>>> print(open('model-v3.csv').read())   # CSV, N, CA and C atoms
chain,number,residue,atom,x,y,z
A,246,MET,N,-3.4,3.7,25.2
A,246,MET,CA,-3.0,4.5,24.0
A,246,MET,C,-2.2,3.6,23.0
A,247,SER,N,-2.6,3.7,21.8
A,247,SER,CA,-2.0,2.9,20.8
A,247,SER,C,-0.7,3.6,20.3
A,248,GLU,N,0.3,2.8,19.9
A,248,GLU,CA,1.5,3.3,19.4
A,248,GLU,C,1.3,3.7,17.9
A,249,ARG,N,2.0,4.7,17.5
A,249,ARG,CA,1.9,5.2,16.1
A,249,ARG,C,2.7,4.2,15.3
A,250,GLN,N,2.2,4.0,14.1
A,250,GLN,CA,2.9,3.1,13.1
A,250,GLN,C,3.2,3.9,11.9
A,251,TYR,N,4.2,3.5,11.1
A,251,TYR,CA,4.6,4.2,9.9
A,251,TYR,C,4.7,3.2,8.8
A,252,TYR,N,4.5,3.6,7.6
A,252,TYR,CA,4.4,2.8,6.5
A,252,TYR,C,5.2,3.3,5.3
A,253,VAL,N,5.8,2.3,4.6
A,253,VAL,CA,6.3,2.6,3.2
A,253,VAL,C,5.4,1.8,2.3
A,254,TYR,N,5.0,2.4,1.3
A,254,TYR,CA,4.0,1.8,0.4
A,254,TYR,C,4.4,2.0,-1.1
A,255,ILE,N,3.8,1.2,-1.9
A,255,ILE,CA,4.0,1.3,-3.4
A,255,ILE,C,2.6,1.4,-4.0
A,256,MET,N,2.4,2.4,-4.7
A,256,MET,CA,1.1,2.6,-5.5
A,256,MET,C,1.5,2.3,-6.9
A,257,ALA,N,0.6,1.8,-7.7
A,257,ALA,CA,0.9,1.5,-9.1
A,257,ALA,C,-0.3,1.9,-10.0
A,258,SER,N,0.0,2.3,-11.2
A,258,SER,CA,-1.0,2.5,-12.2
A,258,SER,C,-1.4,1.2,-12.9
A,259,ARG,N,-2.4,1.2,-13.7
A,259,ARG,CA,-2.7,0.0,-14.5
A,259,ARG,C,-1.6,-0.4,-15.4
A,260,SER,N,-0.8,0.5,-15.8
A,260,SER,CA,0.4,0.2,-16.7
A,260,SER,C,1.6,-0.1,-15.9
A,261,HIS,N,1.5,-0.2,-14.6
A,261,HIS,CA,2.6,-0.6,-13.6
A,261,HIS,C,3.6,0.5,-13.5
A,262,THR,N,3.2,1.8,-13.7
A,262,THR,CA,4.1,2.9,-13.2
A,262,THR,C,4.0,2.9,-11.7
A,263,LEU,N,5.2,3.0,-11.1
A,263,LEU,CA,5.3,2.9,-9.6
A,263,LEU,C,5.5,4.2,-8.9
A,264,TYR,N,4.9,4.3,-7.7
A,264,TYR,CA,5.2,5.5,-6.9
A,264,TYR,C,5.4,4.9,-5.5
A,265,ILE,N,6.5,5.3,-4.8
A,265,ILE,CA,6.9,4.8,-3.5
A,265,ILE,C,6.7,6.0,-2.5
A,266,GLY,N,6.1,5.8,-1.4
A,266,GLY,CA,5.9,6.8,-0.4
A,266,GLY,C,6.0,6.3,1.0
A,267,PHE,N,5.9,7.3,1.9
A,267,PHE,CA,6.0,7.0,3.3
A,267,PHE,C,4.9,7.8,4.0
A,268,THR,N,4.2,7.2,5.0
A,268,THR,CA,3.1,7.9,5.7
A,268,THR,C,3.0,7.2,7.1
A,269,SER,N,2.3,8.0,8.0
A,269,SER,CA,1.9,7.4,9.3
A,269,SER,C,0.4,7.1,9.3
A,270,GLU,N,-0.3,7.5,8.2
A,270,GLU,CA,-1.7,7.2,8.1
A,270,GLU,C,-2.0,6.6,6.7
A,271,ILE,N,-1.8,5.3,6.6
A,271,ILE,CA,-1.8,4.7,5.3
A,271,ILE,C,-3.2,4.7,4.7
A,272,GLU,N,-4.3,4.6,5.5
A,272,GLU,CA,-5.6,4.6,4.9
A,272,GLU,C,-6.0,5.9,4.3
A,273,VAL,N,-5.6,7.0,5.1
A,273,VAL,CA,-5.8,8.3,4.6
A,273,VAL,C,-5.1,8.6,3.3
A,274,ARG,N,-3.8,8.2,3.3
A,274,ARG,CA,-2.9,8.5,2.1
A,274,ARG,C,-3.4,7.8,0.9
A,275,VAL,N,-3.8,6.5,1.1
A,275,VAL,CA,-4.3,5.7,-0.1
A,275,VAL,C,-5.5,6.3,-0.6
A,276,ARG,N,-6.4,6.8,0.2
A,276,ARG,CA,-7.7,7.4,-0.2
A,276,ARG,C,-7.3,8.7,-1.0
A,277,GLN,N,-6.3,9.5,-0.6
A,277,GLN,CA,-5.9,10.7,-1.3
A,277,GLN,C,-5.4,10.3,-2.7
A,278,HIS,N,-4.6,9.2,-2.8
A,278,HIS,CA,-4.1,8.8,-4.1
A,278,HIS,C,-5.2,8.4,-5.0
A,279,LYS,N,-6.2,7.6,-4.4
A,279,LYS,CA,-7.3,7.1,-5.2
A,279,LYS,C,-8.2,8.3,-5.7
A,280,ALA,N,-8.4,9.3,-4.9
A,280,ALA,CA,-9.2,10.4,-5.2
A,280,ALA,C,-8.5,11.4,-6.1
A,281,GLY,N,-7.2,11.3,-6.3
A,281,GLY,CA,-6.4,12.2,-7.1
A,281,GLY,C,-6.2,13.5,-6.4
A,282,THR,N,-6.3,13.5,-5.0
A,282,THR,CA,-6.1,14.8,-4.3
A,282,THR,C,-4.7,14.9,-3.8
A,283,TYR,N,-3.9,13.9,-4.0
A,283,TYR,CA,-2.5,14.0,-3.6
A,283,TYR,C,-1.7,14.4,-4.8
A,284,ASP,N,-1.4,15.7,-4.9
A,284,ASP,CA,-0.7,16.2,-6.2
A,284,ASP,C,0.7,15.6,-6.3
A,285,GLY,N,1.1,15.6,-7.6
A,285,GLY,CA,2.5,15.2,-7.9
A,285,GLY,C,2.5,14.1,-8.9
A,286,PHE,N,3.6,13.3,-8.8
A,286,PHE,CA,3.8,12.2,-9.7
A,286,PHE,C,2.7,11.2,-9.7
A,287,SER,N,2.2,10.8,-8.5
A,287,SER,CA,1.2,9.7,-8.5
A,287,SER,C,-0.1,10.2,-9.1
A,288,LYS,N,-0.4,11.4,-9.0
A,288,LYS,CA,-1.6,11.9,-9.6
A,288,LYS,C,-1.4,12.0,-11.1
A,289,THR,N,-0.3,12.6,-11.6
A,289,THR,CA,0.0,12.7,-13.0
A,289,THR,C,0.0,11.4,-13.7
A,290,TYR,N,0.5,10.3,-13.1
A,290,TYR,CA,0.6,9.0,-13.7
A,290,TYR,C,-0.5,8.0,-13.3
A,291,ASN,N,-1.5,8.5,-12.5
A,291,ASN,CA,-2.6,7.7,-12.1
A,291,ASN,C,-2.2,6.5,-11.3
A,292,CYS,N,-1.3,6.7,-10.4
A,292,CYS,CA,-0.9,5.6,-9.5
A,292,CYS,C,-1.9,5.5,-8.3
A,293,ASN,N,-2.9,4.7,-8.5
A,293,ASN,CA,-4.0,4.7,-7.5
A,293,ASN,C,-4.3,3.3,-7.0
A,294,ARG,N,-3.4,2.4,-7.2
A,294,ARG,CA,-3.6,1.0,-6.6
A,294,ARG,C,-2.5,0.7,-5.7
A,295,LEU,N,-2.9,0.3,-4.4
A,295,LEU,CA,-1.9,-0.1,-3.4
A,295,LEU,C,-1.5,-1.5,-3.7
A,296,VAL,N,-0.2,-1.7,-4.1
A,296,VAL,CA,0.3,-3.0,-4.5
A,296,VAL,C,1.3,-3.6,-3.5
A,297,TYR,N,1.8,-2.8,-2.5
A,297,TYR,CA,2.7,-3.2,-1.6
A,297,TYR,C,2.8,-2.2,-0.4
A,298,PHE,N,3.0,-2.8,0.8
A,298,PHE,CA,3.3,-1.9,1.9
A,298,PHE,C,4.1,-2.7,3.0
A,299,GLU,N,4.8,-1.9,3.8
A,299,GLU,CA,5.5,-2.4,5.0
A,299,GLU,C,5.2,-1.5,6.1
A,300,ARG,N,5.1,-2.1,7.3
A,300,ARG,CA,4.8,-1.4,8.6
A,300,ARG,C,6.1,-1.3,9.4
A,301,PHE,N,6.2,-0.1,10.1
A,301,PHE,CA,7.4,0.1,11.0
A,301,PHE,C,6.9,0.7,12.3
A,302,ALA,N,7.7,0.5,13.3
A,302,ALA,CA,7.4,1.1,14.6
A,302,ALA,C,8.0,2.5,14.7
A,303,PHE,N,9.0,2.8,14.0
A,303,PHE,CA,9.7,4.0,14.1
A,303,PHE,C,9.8,4.7,12.7
A,304,ALA,N,9.6,6.0,12.7
A,304,ALA,CA,9.6,6.8,11.5
A,304,ALA,C,10.9,6.8,10.8
A,305,ASN,N,12.0,6.9,11.5
A,305,ASN,CA,13.3,6.9,10.9
A,305,ASN,C,13.6,5.6,10.1
A,306,ASN,N,13.1,4.4,10.6
A,306,ASN,CA,13.3,3.2,9.9
A,306,ASN,C,12.4,3.2,8.6
A,307,SER,N,11.2,3.7,8.7
A,307,SER,CA,10.4,3.8,7.5
A,307,SER,C,11.0,4.7,6.4
A,308,ILE,N,11.5,5.8,6.9
A,308,ILE,CA,12.1,6.8,5.9
A,308,ILE,C,13.3,6.2,5.2
A,309,ALA,N,14.1,5.5,6.0
A,309,ALA,CA,15.3,4.8,5.5
A,309,ALA,C,14.9,3.8,4.4
A,310,ARG,N,13.9,3.0,4.7
A,310,ARG,CA,13.4,2.0,3.8
A,310,ARG,C,12.9,2.6,2.5
A,311,GLU,N,12.1,3.7,2.7
A,311,GLU,CA,11.6,4.4,1.5
A,311,GLU,C,12.8,4.8,0.6
A,312,LYS,N,13.8,5.4,1.2
A,312,LYS,CA,14.9,5.9,0.4
A,312,LYS,C,15.6,4.7,-0.3
A,313,GLN,N,15.7,3.6,0.5
A,313,GLN,CA,16.4,2.4,-0.1
A,313,GLN,C,15.6,1.9,-1.3
A,314,LEU,N,14.3,1.8,-1.2
A,314,LEU,CA,13.5,1.2,-2.3
A,314,LEU,C,13.5,2.2,-3.5
A,315,LYS,N,13.5,3.5,-3.3
A,315,LYS,CA,13.6,4.4,-4.4
A,315,LYS,C,14.9,4.3,-5.2
A,316,ARG,N,16.0,3.8,-4.5
A,316,ARG,CA,17.3,3.6,-5.2
A,316,ARG,C,17.3,2.3,-6.0
A,317,TRP,N,16.4,1.4,-5.7
A,317,TRP,CA,16.4,0.1,-6.4
A,317,TRP,C,16.1,0.2,-7.8
A,318,SER,N,16.5,-0.7,-8.6
A,318,SER,CA,16.2,-0.8,-10.0
A,318,SER,C,14.7,-1.2,-10.1
A,319,ARG,N,14.1,-0.8,-11.2
A,319,ARG,CA,12.7,-1.2,-11.5
A,319,ARG,C,12.5,-2.7,-11.4
A,320,ALA,N,13.4,-3.5,-11.9
A,320,ALA,CA,13.2,-4.9,-11.8
A,320,ALA,C,13.2,-5.4,-10.4
A,321,LYS,N,14.0,-4.9,-9.5
A,321,LYS,CA,14.1,-5.3,-8.1
A,321,LYS,C,12.8,-4.9,-7.4
A,322,LYS,N,12.2,-3.7,-7.7
A,322,LYS,CA,11.0,-3.3,-7.1
A,322,LYS,C,9.8,-4.2,-7.6
A,323,ILE,N,9.8,-4.6,-8.8
A,323,ILE,CA,8.8,-5.5,-9.3
A,323,ILE,C,8.9,-6.8,-8.6
A,324,ALA,N,10.1,-7.3,-8.5
A,324,ALA,CA,10.3,-8.6,-7.8
A,324,ALA,C,9.8,-8.5,-6.3
A,325,LEU,N,10.0,-7.4,-5.7
A,325,LEU,CA,9.5,-7.2,-4.3
A,325,LEU,C,8.0,-7.3,-4.3
A,326,ILE,N,7.4,-6.6,-5.2
A,326,ILE,CA,5.9,-6.6,-5.2
A,326,ILE,C,5.4,-8.0,-5.5
A,327,GLU,N,5.9,-8.6,-6.5
A,327,GLU,CA,5.4,-9.9,-7.0
A,327,GLU,C,5.7,-11.0,-6.0
A,328,ALA,N,6.7,-10.9,-5.1
A,328,ALA,CA,6.9,-11.9,-4.1
A,328,ALA,C,5.8,-11.9,-3.1
A,329,GLN,N,5.1,-10.8,-2.8
A,329,GLN,CA,4.0,-10.7,-1.9
A,329,GLN,C,2.7,-10.6,-2.6
A,330,ASN,N,2.6,-10.0,-3.8
A,330,ASN,CA,1.4,-9.7,-4.5
A,330,ASN,C,1.5,-10.0,-6.0
A,331,PRO,N,1.6,-11.3,-6.3
A,331,PRO,CA,2.0,-11.7,-7.7
A,331,PRO,C,1.0,-11.2,-8.8
A,332,THR,N,-0.3,-11.0,-8.4
A,332,THR,CA,-1.3,-10.5,-9.3
A,332,THR,C,-1.5,-9.0,-9.3
A,333,TRP,N,-0.7,-8.3,-8.5
A,333,TRP,CA,-0.8,-6.8,-8.4
A,333,TRP,C,-2.2,-6.4,-8.0
A,334,THR,N,-2.8,-7.2,-7.1
A,334,THR,CA,-4.1,-6.9,-6.6
A,334,THR,C,-4.0,-5.6,-5.8
A,335,ASP,N,-5.1,-4.7,-5.9
A,335,ASP,CA,-5.1,-3.5,-5.0
A,335,ASP,C,-5.4,-4.0,-3.6
A,336,LEU,N,-4.4,-3.9,-2.7
A,336,LEU,CA,-4.5,-4.4,-1.4
A,336,LEU,C,-5.5,-3.6,-0.5
A,337,SER,N,-5.9,-2.4,-1.0
A,337,SER,CA,-6.9,-1.6,-0.3
A,337,SER,C,-8.3,-1.7,-0.7
A,338,ASP,N,-8.6,-2.6,-1.7
A,338,ASP,CA,-9.9,-2.8,-2.2
A,338,ASP,C,-11.0,-3.0,-1.2
A,339,ASP,N,-10.7,-3.8,-0.2
A,339,ASP,CA,-11.7,-4.1,0.8
A,339,ASP,C,-11.7,-3.1,2.0
A,340,TRP,N,-10.8,-2.2,2.1
A,340,TRP,CA,-10.7,-1.2,3.2
A,340,TRP,C,-12.0,-0.4,3.3
A,341,GLY,N,-12.6,-0.3,4.4
A,341,GLY,CA,-13.8,0.4,4.6
A,341,GLY,C,-15.1,-0.3,4.3
A,342,LYS,N,-15.0,-1.5,3.8
A,342,LYS,CA,-16.2,-2.3,3.5
A,342,LYS,C,-16.6,-3.0,4.8
A,343,PRO,N,-17.9,-3.3,5.0
A,343,PRO,CA,-18.3,-4.0,6.2
A,343,PRO,C,-17.7,-5.4,6.2
A,344,ILE,N,-17.4,-5.8,7.4
A,344,ILE,CA,-16.9,-7.2,7.6
A,344,ILE,C,-18.0,-8.1,8.0
A,345,PRO,N,-18.1,-9.2,7.3
A,345,PRO,CA,-19.2,-10.2,7.6
A,345,PRO,C,-19.1,-10.6,9.1
A,346,SER,N,-20.3,-10.7,9.7
A,346,SER,CA,-20.3,-11.1,11.1
A,346,SER,C,-20.0,-12.6,11.2
A,347,TYR,N,-19.3,-12.9,12.3
A,347,TYR,CA,-19.0,-14.3,12.6
A,347,TYR,C,-20.0,-14.9,13.5
A,348,ARG,N,-20.5,-16.1,13.1
A,348,ARG,CA,-21.4,-16.8,14.0
A,348,ARG,C,-20.8,-18.1,14.4
A,349,ALA,N,-20.6,-18.4,15.7
A,349,ALA,CA,-20.0,-19.6,16.1
A,349,ALA,C,-20.8,-20.9,15.7
A,350,ASP,N,-22.1,-20.7,15.5
A,350,ASP,CA,-22.9,-21.9,15.1
A,350,ASP,C,-23.0,-22.1,13.6
A,351,ALA,N,-22.4,-21.2,12.8
A,351,ALA,CA,-22.5,-21.3,11.4
A,351,ALA,C,-21.6,-22.4,10.9
A,352,PRO,N,-22.1,-23.2,9.8
A,352,PRO,CA,-21.2,-24.2,9.3
A,352,PRO,C,-20.0,-23.6,8.6
A,353,PRO,N,-18.9,-24.4,8.6
A,353,PRO,CA,-17.7,-23.8,7.9
A,353,PRO,C,-17.9,-23.6,6.4
A,354,ALA,N,-17.3,-22.5,5.9
A,354,ALA,CA,-17.4,-22.2,4.5
A,354,ALA,C,-16.7,-23.2,3.7
A,355,GLY,N,-17.1,-23.4,2.5
A,355,GLY,CA,-16.4,-24.3,1.6
A,355,GLY,C,-17.2,-25.5,1.2
>>> encode(input="model-v3.csv", output="structure tokens")
Amino acid sequence: MSERQYYVYIMASRSHTLYIGFTSEIEVRVRQHKAGTYDGFSKTYNCNRLVYFERFAFANNSIAREKQLKRWSRAKKIALIEAQNPTWTDLSDDWGKPIPSYRADAPPAG
């Protein structure tokens, strides 16, 4: 049986409007944001790109981190994102896409 994991995540719009959330099912929640089915701030401001997330073993730690990040200044939030994701790439772009198979006899890429 796998242990449940919890996430704090930051979604961004193209104009870098930020939304910070908490979930135990990050793939489901990100799909909701992208589809616009998660009502509220993120839908209103089109925050549909996952630019940052952290994983936690316990819900209370994740909730505490979400509250902490929400209190931070915008500049501090941006610095956090850019330390891990300087180009603001959508970290979920490849989720759900087929993974190329690995062949042990294939020559190294490059």
>>> residues_near_point(input="model-v3.csv", point="(7.0, 10.0, 5.0)", cutoff="8 Å", atoms="only C-alpha atoms", output="ChimeraX atom specification")
/A:251-253,266-269,304,307-308
>>> select_by_dssp(input="model-v3.csv", residues="chain A", states="helix (DSSP H, G or I)", output="mmCIF file with N, CA and C atoms, in the coordinates of the input")
data_model
loop_
_atom_site.group_PDB
_atom_site.id
_atom_site.type_symbol
_atom_site.label_atom_id
_atom_site.label_comp_id
_atom_site.auth_asym_id
_atom_site.auth_seq_id
_atom_site.Cartn_x
_atom_site.Cartn_y
_atom_site.Cartn_z
ATOM 1 N N ILE A 271 -1.800 5.300 6.600
ATOM 2 C CA ILE A 271 -1.800 4.700 5.300
ATOM 3 C C ILE A 271 -3.200 4.700 4.700
ATOM 4 N N GLU A 272 -4.300 4.600 5.500
ATOM 5 C CA GLU A 272 -5.600 4.600 4.900
ATOM 6 C C GLU A 272 -6.000 5.900 4.300
ATOM 7 N N VAL A 273 -5.600 7.000 5.100
ATOM 8 C CA VAL A 273 -5.800 8.300 4.600
ATOM 9 C C VAL A 273 -5.100 8.600 3.300
ATOM 10 N N ARG A 274 -3.800 8.200 3.300
ATOM 11 C CA ARG A 274 -2.900 8.500 2.100
ATOM 12 C C ARG A 274 -3.400 7.800 0.900
ATOM 13 N N VAL A 275 -3.800 6.500 1.100
ATOM 14 C CA VAL A 275 -4.300 5.700 -0.100
ATOM 15 C C VAL A 275 -5.500 6.300 -0.600
ATOM 16 N N ARG A 276 -6.400 6.800 0.200
ATOM 17 C CA ARG A 276 -7.700 7.400 -0.200
ATOM 18 C C ARG A 276 -7.300 8.700 -1.000
ATOM 19 N N GLN A 277 -6.300 9.500 -0.600
ATOM 20 C CA GLN A 277 -5.900 10.700 -1.300
ATOM 21 C C GLN A 277 -5.400 10.300 -2.700
ATOM 22 N N HIS A 278 -4.600 9.200 -2.800
ATOM 23 C CA HIS A 278 -4.100 8.800 -4.100
ATOM 24 C C HIS A 278 -5.200 8.400 -5.000
ATOM 25 N N LYS A 279 -6.200 7.600 -4.400
ATOM 26 C CA LYS A 279 -7.300 7.100 -5.200
ATOM 27 C C LYS A 279 -8.200 8.300 -5.700
ATOM 28 N N ALA A 280 -8.400 9.300 -4.900
ATOM 29 C CA ALA A 280 -9.200 10.400 -5.200
ATOM 30 C C ALA A 280 -8.500 11.400 -6.100
ATOM 31 N N PHE A 286 3.600 13.300 -8.800
ATOM 32 C CA PHE A 286 3.800 12.200 -9.700
ATOM 33 C C PHE A 286 2.700 11.200 -9.700
ATOM 34 N N SER A 287 2.200 10.800 -8.500
ATOM 35 C CA SER A 287 1.200 9.700 -8.500
ATOM 36 C C SER A 287 -0.100 10.200 -9.100
ATOM 37 N N LYS A 288 -0.400 11.400 -9.000
ATOM 38 C CA LYS A 288 -1.600 11.900 -9.600
ATOM 39 C C LYS A 288 -1.400 12.000 -11.100
ATOM 40 N N THR A 289 -0.300 12.600 -11.600
ATOM 41 C CA THR A 289 0.000 12.700 -13.000
ATOM 42 C C THR A 289 0.000 11.400 -13.700
ATOM 43 N N ALA A 304 9.600 6.000 12.700
ATOM 44 C CA ALA A 304 9.600 6.800 11.500
ATOM 45 C C ALA A 304 10.900 6.800 10.800
ATOM 46 N N ASN A 305 12.000 6.900 11.500
ATOM 47 C CA ASN A 305 13.300 6.900 10.900
ATOM 48 C C ASN A 305 13.600 5.600 10.100
ATOM 49 N N ASN A 306 13.100 4.400 10.600
ATOM 50 C CA ASN A 306 13.300 3.200 9.900
ATOM 51 C C ASN A 306 12.400 3.200 8.600
ATOM 52 N N SER A 307 11.200 3.700 8.700
ATOM 53 C CA SER A 307 10.400 3.800 7.500
ATOM 54 C C SER A 307 11.000 4.700 6.400
ATOM 55 N N ILE A 308 11.500 5.800 6.900
ATOM 56 C CA ILE A 308 12.100 6.800 5.900
ATOM 57 C C ILE A 308 13.300 6.200 5.200
ATOM 58 N N ALA A 309 14.100 5.500 6.000
ATOM 59 C CA ALA A 309 15.300 4.800 5.500
ATOM 60 C C ALA A 309 14.900 3.800 4.400
ATOM 61 N N ARG A 310 13.900 3.000 4.700
ATOM 62 C CA ARG A 310 13.400 2.000 3.800
ATOM 63 C C ARG A 310 12.900 2.600 2.500
ATOM 64 N N GLU A 311 12.100 3.700 2.700
ATOM 65 C CA GLU A 311 11.600 4.400 1.500
ATOM 66 C C GLU A 311 12.800 4.800 0.600
ATOM 67 N N LYS A 312 13.800 5.400 1.200
ATOM 68 C CA LYS A 312 14.900 5.900 0.400
ATOM 69 C C LYS A 312 15.600 4.700 -0.300
ATOM 70 N N GLN A 313 15.700 3.600 0.500
ATOM 71 C CA GLN A 313 16.400 2.400 -0.100
ATOM 72 C C GLN A 313 15.600 1.900 -1.300
ATOM 73 N N LEU A 314 14.300 1.800 -1.200
ATOM 74 C CA LEU A 314 13.500 1.200 -2.300
ATOM 75 C C LEU A 314 13.500 2.200 -3.500
ATOM 76 N N LYS A 315 13.500 3.500 -3.300
ATOM 77 C CA LYS A 315 13.600 4.400 -4.400
ATOM 78 C C LYS A 315 14.900 4.300 -5.200
ATOM 79 N N ARG A 316 16.000 3.800 -4.500
ATOM 80 C CA ARG A 316 17.300 3.600 -5.200
ATOM 81 C C ARG A 316 17.300 2.300 -6.000
ATOM 82 N N ARG A 319 14.100 -0.800 -11.200
ATOM 83 C CA ARG A 319 12.700 -1.200 -11.500
ATOM 84 C C ARG A 319 12.500 -2.700 -11.400
ATOM 85 N N ALA A 320 13.400 -3.500 -11.900
ATOM 86 C CA ALA A 320 13.200 -4.900 -11.800
ATOM 87 C C ALA A 320 13.200 -5.400 -10.400
ATOM 88 N N LYS A 321 14.000 -4.900 -9.500
ATOM 89 C CA LYS A 321 14.100 -5.300 -8.100
ATOM 90 C C LYS A 321 12.800 -4.900 -7.400
ATOM 91 N N LYS A 322 12.200 -3.700 -7.700
ATOM 92 C CA LYS A 322 11.000 -3.300 -7.100
ATOM 93 C C LYS A 322 9.800 -4.200 -7.600
ATOM 94 N N ILE A 323 9.800 -4.600 -8.800
ATOM 95 C CA ILE A 323 8.800 -5.500 -9.300
ATOM 96 C C ILE A 323 8.900 -6.800 -8.600
ATOM 97 N N ALA A 324 10.100 -7.300 -8.500
ATOM 98 C CA ALA A 324 10.300 -8.600 -7.800
ATOM 99 C C ALA A 324 9.800 -8.500 -6.300
ATOM 100 N N LEU A 325 10.000 -7.400 -5.700
ATOM 101 C CA LEU A 325 9.500 -7.200 -4.300
ATOM 102 C C LEU A 325 8.000 -7.300 -4.300
ATOM 103 N N ILE A 326 7.400 -6.600 -5.200
ATOM 104 C CA ILE A 326 5.900 -6.600 -5.200
ATOM 105 C C ILE A 326 5.400 -8.000 -5.500
ATOM 106 N N GLU A 327 5.900 -8.600 -6.500
ATOM 107 C CA GLU A 327 5.400 -9.900 -7.000
ATOM 108 C C GLU A 327 5.700 -11.000 -6.000
ATOM 109 N N ALA A 328 6.700 -10.900 -5.100
ATOM 110 C CA ALA A 328 6.900 -11.900 -4.100
ATOM 111 C C ALA A 328 5.800 -11.900 -3.100
ATOM 112 N N GLN A 329 5.100 -10.800 -2.800
ATOM 113 C CA GLN A 329 4.000 -10.700 -1.900
ATOM 114 C C GLN A 329 2.700 -10.600 -2.600
#
>>> atom_distance(input="model-v3.csv", atom1="CA of Val275 (chain A)", atom2="atom N of Phe301 (chain A)")
15.7 Å
>>> atom_distance(input="model-v3.csv", atom1="CA of Gly281 (chain A)", atom2="CA of Gln329 (chain A)")
25.7 Å
>>> atom_distance(input="model-v3.csv", atom1="CA of Ala320 (chain A)", atom2="CA of Leu295 (chain A)")
17.9 Å
>>> residues_near_point(input="model-v3.csv", point="(-5.7, 1.8, -13.5)", cutoff="6.5 Å", atoms="all atoms listed in the file", output="list in words")
Ala257, Ser258, Arg259, Ser260, Asn291 and Asn293 of chain A
>>> closest_residue(input="model-v3.csv", among="A:Trp317, A:Ser337, A:Asn330, A:Arg310", to="His278 (chain A)", atoms="only C-alpha atoms")
A:Ser337
>>> select_by_dssp(input="model-v3.csv", residues="chain A", states="strand (DSSP E)", output="list in words")
Tyr251, Tyr252, Val253, Tyr254, Ile255, Met256, Ala257, Leu263, Tyr264, Ile265, Gly266, Phe267, Thr268, Arg294, Leu295, Val296, Tyr297, Phe298, Glu299, Arg300 and Phe301 of chain A
>>> closest_residue(input="model-v3.csv", among="A:Glu327, A:Glu272, A:Asp284, A:Glu299", to="Trp340 (chain A)", atoms="only N, CA and C atoms")
A:Glu272
>>> closest_residue(input="model-v3.csv", among="A:Arg294, A:Lys312, A:Lys321, A:Arg300", to="Thr334 (chain A)", atoms="all atoms listed in the file")
A:Arg294
